[in-house]
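Have a look at the structure below before the remarks.
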Amino acid sequence: MNSIFRPRICLATVLVLSALTSAGAFADTVALKANLQPSSEVPPRVSKGHGVVEANFDTTSKTLTWTATYSELSGPVTMAHFHGPAPVGQNAKPQIPVDKGALASPMKGQATLTDQQITDLMAGQWYFNIHTAENPSGEIRGQVVPAN
């Protein structure tokens with residue numbers, strides 16, 4: 001009798017363990033990007049500056065991680081933020097500031113988002129903005145969109 005149930009118990013154990021261990025391995029991650037340019041500022045700026053933000057949003061932990069690279073700005077970066085909610089061509093308040101100690105290119109950071117921030121981000125209503133002393137309201141900007 002033990003020999004009949006042993007394979008079934010082993011199979012059931014394997015299935016349960018697989019389900020438990022694979023749940024974290026298959027967390028949904030959304031790749032995002034923003035092409036940063038002075039013409040995207042509101043109003044547009046005249047600058048040779050340009051850059052890109054590559055980001056990933058983990059839907060399980062609600063964590064946004066990013067790397068922003070830039071070059072040819074008018075001067076040192078004074079601050080940088082994710083702003084929203086706003087469509088292209090409109091301004092909005094900062095949502096996630098970049099730490100002042102992490103403003104050199106490449107900027108790297110992470111933040112846990114609220115449910116409302118997630119809704120706005122996934123709706124394409126966030127942008128990334130890099131500020132300089134010459135352009136205190138922003139020198140380069142780009143809308144955050146899916147990377148695919």
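Each chain in the structure tokens gets a letter, A, B and so on, in the order shown; residues start at 1 in every chain, and ligands are counted from 1 in the order they appear.
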Exercise. Tell me, as a ChimeraX atom specification, which residues lie within 10 Å of Lys48 of chain A, counting only C-alpha atoms; anything in the same chain fewer than 6 positions away does not count.
Key: /A:37-38,71-74,139-140
Practice problem: Looking only at strand (DSSP E or B) from DSSP on the backbone, list the matching residues of segment 2-136 of chain A as a VMD selection string. | Solution: chain A and resid 29 to 37 50 to 58 63 to 71 77 to 83 94 to 97 107 to 112 127 to 132
Could you turn the residues from that selection into a file that holds N, CA and C atoms, as a short mmCIF file (atom, residue, chain, number, x, y, z; two decimals), in the first residue's frame?
```cif
data_model
loop_
_atom_site.label_atom_id
_atom_site.label_comp_id
_atom_site.auth_asym_id
_atom_site.auth_seq_id
_atom_site.Cartn_x
_atom_site.Cartn_y
_atom_site.Cartn_z
N THR A 29 8.10 42.14 -14.37
CA THR A 29 8.94 43.32 -14.44
C THR A 29 8.64 44.04 -15.75
N VAL A 30 8.40 45.34 -15.65
CA VAL A 30 8.10 46.14 -16.83
C VAL A 30 9.31 47.02 -17.13
N ALA A 31 9.85 46.89 -18.34
CA ALA A 31 10.98 47.72 -18.77
C ALA A 31 10.45 49.05 -19.31
N LEU A 32 11.08 50.13 -18.87
CA LEU A 32 10.67 51.48 -19.26
C LEU A 32 11.88 52.27 -19.75
N LYS A 33 11.63 53.33 -20.51
CA LYS A 33 12.73 54.19 -20.97
C LYS A 33 12.21 55.61 -21.15
N ALA A 34 13.15 56.54 -21.22
CA ALA A 34 12.84 57.93 -21.55
C ALA A 34 14.03 58.49 -22.31
N ASN A 35 13.79 59.06 -23.47
CA ASN A 35 14.83 59.74 -24.23
C ASN A 35 14.80 61.21 -23.82
N LEU A 36 15.92 61.67 -23.25
CA LEU A 36 15.99 63.01 -22.68
C LEU A 36 16.54 64.00 -23.71
N GLN A 37 15.79 65.06 -23.96
CA GLN A 37 16.24 66.07 -24.91
C GLN A 37 15.69 67.44 -24.52
N HIS A 50 21.70 65.87 -23.88
CA HIS A 50 20.88 64.71 -24.26
C HIS A 50 21.14 63.60 -23.25
N GLY A 51 20.24 62.63 -23.21
CA GLY A 51 20.41 61.52 -22.29
C GLY A 51 19.33 60.48 -22.46
N VAL A 52 19.39 59.48 -21.62
CA VAL A 52 18.41 58.40 -21.66
C VAL A 52 18.22 57.85 -20.24
N VAL A 53 17.01 57.45 -19.95
CA VAL A 53 16.70 56.75 -18.70
C VAL A 53 16.26 55.35 -19.07
N GLU A 54 16.87 54.37 -18.43
CA GLU A 54 16.43 52.97 -18.56
C GLU A 54 15.97 52.55 -17.18
N ALA A 55 14.75 52.05 -17.09
CA ALA A 55 14.16 51.73 -15.79
C ALA A 55 13.43 50.40 -15.85
N ASN A 56 13.27 49.81 -14.68
CA ASN A 56 12.49 48.58 -14.53
C ASN A 56 11.55 48.76 -13.35
N PHE A 57 10.30 48.35 -13.55
CA PHE A 57 9.33 48.40 -12.47
C PHE A 57 8.93 46.97 -12.13
N ASP A 58 9.15 46.59 -10.87
CA ASP A 58 8.79 45.27 -10.37
C ASP A 58 7.39 45.37 -9.77
N THR A 63 8.61 48.32 -6.85
CA THR A 63 9.87 49.05 -6.85
C THR A 63 10.27 49.46 -8.27
N LEU A 64 10.57 50.74 -8.41
CA LEU A 64 11.10 51.28 -9.66
C LEU A 64 12.61 51.46 -9.48
N THR A 65 13.40 50.86 -10.36
CA THR A 65 14.85 51.06 -10.36
C THR A 65 15.22 51.72 -11.68
N TRP A 66 16.23 52.59 -11.65
CA TRP A 66 16.57 53.31 -12.87
C TRP A 66 18.06 53.62 -12.95
N THR A 67 18.48 53.85 -14.19
CA THR A 67 19.79 54.39 -14.51
C THR A 67 19.56 55.47 -15.56
N ALA A 68 20.05 56.66 -15.29
CA ALA A 68 19.94 57.78 -16.23
C ALA A 68 21.35 58.21 -16.62
N THR A 69 21.59 58.30 -17.90
CA THR A 69 22.88 58.79 -18.40
C THR A 69 22.62 60.05 -19.22
N TYR A 70 23.58 60.96 -19.18
CA TYR A 70 23.43 62.22 -19.90
C TYR A 70 24.81 62.76 -20.27
N SER A 71 24.83 63.71 -21.21
CA SER A 71 26.07 64.40 -21.56
C SER A 71 25.74 65.73 -22.23
N VAL A 77 24.65 69.17 -12.97
CA VAL A 77 23.25 68.90 -12.63
C VAL A 77 23.00 69.39 -11.21
N THR A 78 21.91 70.13 -11.02
CA THR A 78 21.55 70.62 -9.70
C THR A 78 20.48 69.75 -9.04
N MET A 79 19.65 69.11 -9.86
CA MET A 79 18.65 68.17 -9.36
C MET A 79 18.04 67.42 -10.53
N ALA A 80 17.38 66.32 -10.20
CA ALA A 80 16.69 65.51 -11.21
C ALA A 80 15.53 64.81 -10.52
N HIS A 81 14.45 64.62 -11.28
CA HIS A 81 13.23 64.02 -10.71
C HIS A 81 12.46 63.25 -11.76
N PHE A 82 11.64 62.33 -11.28
CA PHE A 82 10.51 61.82 -12.05
C PHE A 82 9.34 62.74 -11.69
N HIS A 83 8.64 63.25 -12.69
CA HIS A 83 7.49 64.14 -12.49
C HIS A 83 6.22 63.47 -13.00
N PRO A 94 7.15 67.15 -8.99
CA PRO A 94 8.03 65.99 -8.82
C PRO A 94 7.33 64.88 -8.03
N GLN A 95 7.57 63.65 -8.44
CA GLN A 95 7.05 62.47 -7.74
C GLN A 95 8.18 61.74 -7.00
N ILE A 96 9.29 61.54 -7.69
CA ILE A 96 10.42 60.82 -7.10
C ILE A 96 11.69 61.63 -7.37
N PRO A 97 12.31 62.21 -6.34
CA PRO A 97 13.56 62.93 -6.56
C PRO A 97 14.75 61.96 -6.62
N MET A 107 23.29 58.26 -13.27
CA MET A 107 22.47 58.35 -12.05
C MET A 107 21.80 57.00 -11.86
N LYS A 108 21.85 56.50 -10.64
CA LYS A 108 21.17 55.23 -10.35
C LYS A 108 20.34 55.42 -9.10
N GLY A 109 19.19 54.76 -9.08
CA GLY A 109 18.35 54.86 -7.90
C GLY A 109 17.20 53.89 -7.94
N GLN A 110 16.46 53.90 -6.85
CA GLN A 110 15.25 53.07 -6.77
C GLN A 110 14.30 53.69 -5.77
N ALA A 111 13.03 53.39 -5.96
CA ALA A 111 11.99 53.89 -5.06
C ALA A 111 10.81 52.94 -5.09
N THR A 112 10.13 52.85 -3.96
CA THR A 112 8.88 52.09 -3.89
C THR A 112 7.74 53.06 -4.18
N TYR A 127 7.32 61.82 -16.52
CA TYR A 127 8.50 62.18 -17.30
C TYR A 127 9.68 62.35 -16.35
N PHE A 128 10.88 62.28 -16.93
CA PHE A 128 12.11 62.46 -16.16
C PHE A 128 12.71 63.78 -16.59
N ASN A 129 13.19 64.57 -15.62
CA ASN A 129 13.68 65.91 -15.89
C ASN A 129 15.00 66.12 -15.17
N ILE A 130 15.99 66.65 -15.90
CA ILE A 130 17.30 66.98 -15.33
C ILE A 130 17.46 68.50 -15.36
N HIS A 131 17.79 69.08 -14.21
CA HIS A 131 17.91 70.52 -14.03
C HIS A 131 19.38 70.93 -13.89
N THR A 132 19.71 72.13 -14.37
CA THR A 132 21.04 72.72 -14.20
C THR A 132 20.86 74.16 -13.72
#
```
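Non-sequential neighbours of Leu121 of chain A (distance at most 8 Å, separation of 4 or more positions within a chain, only C-alpha atoms) are Gly84, Pro85, Gln117, Gln125, Trp126 and Val144 of chain A.
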Practice problem: Using DSSP on the backbone coordinates, identify all residues within chain A classified as helix (DSSP H, G or I); present the result as a ChimeraX atom specification. | Solution: /A:2-25,38-40,100-102,115-122
Quiz item: Pick the closest to Asp120 of chain A from A:Pro136, A:Pro44, A:Pro87, A:Pro106: which is it, counting only C-alpha atoms?
Solution: A:Pro87
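For the atom pair formed by atom CA of Gln90 of chain A and atom CA of Gln116 of chain A, the distance is 18.8 Å, given to one decimal.
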Quiz item: How many Å lie between atom CA of Lys93 of chain A and atom CA of Ala147 of chain A, rounded to one decimal?
Solution: 23.5 Å
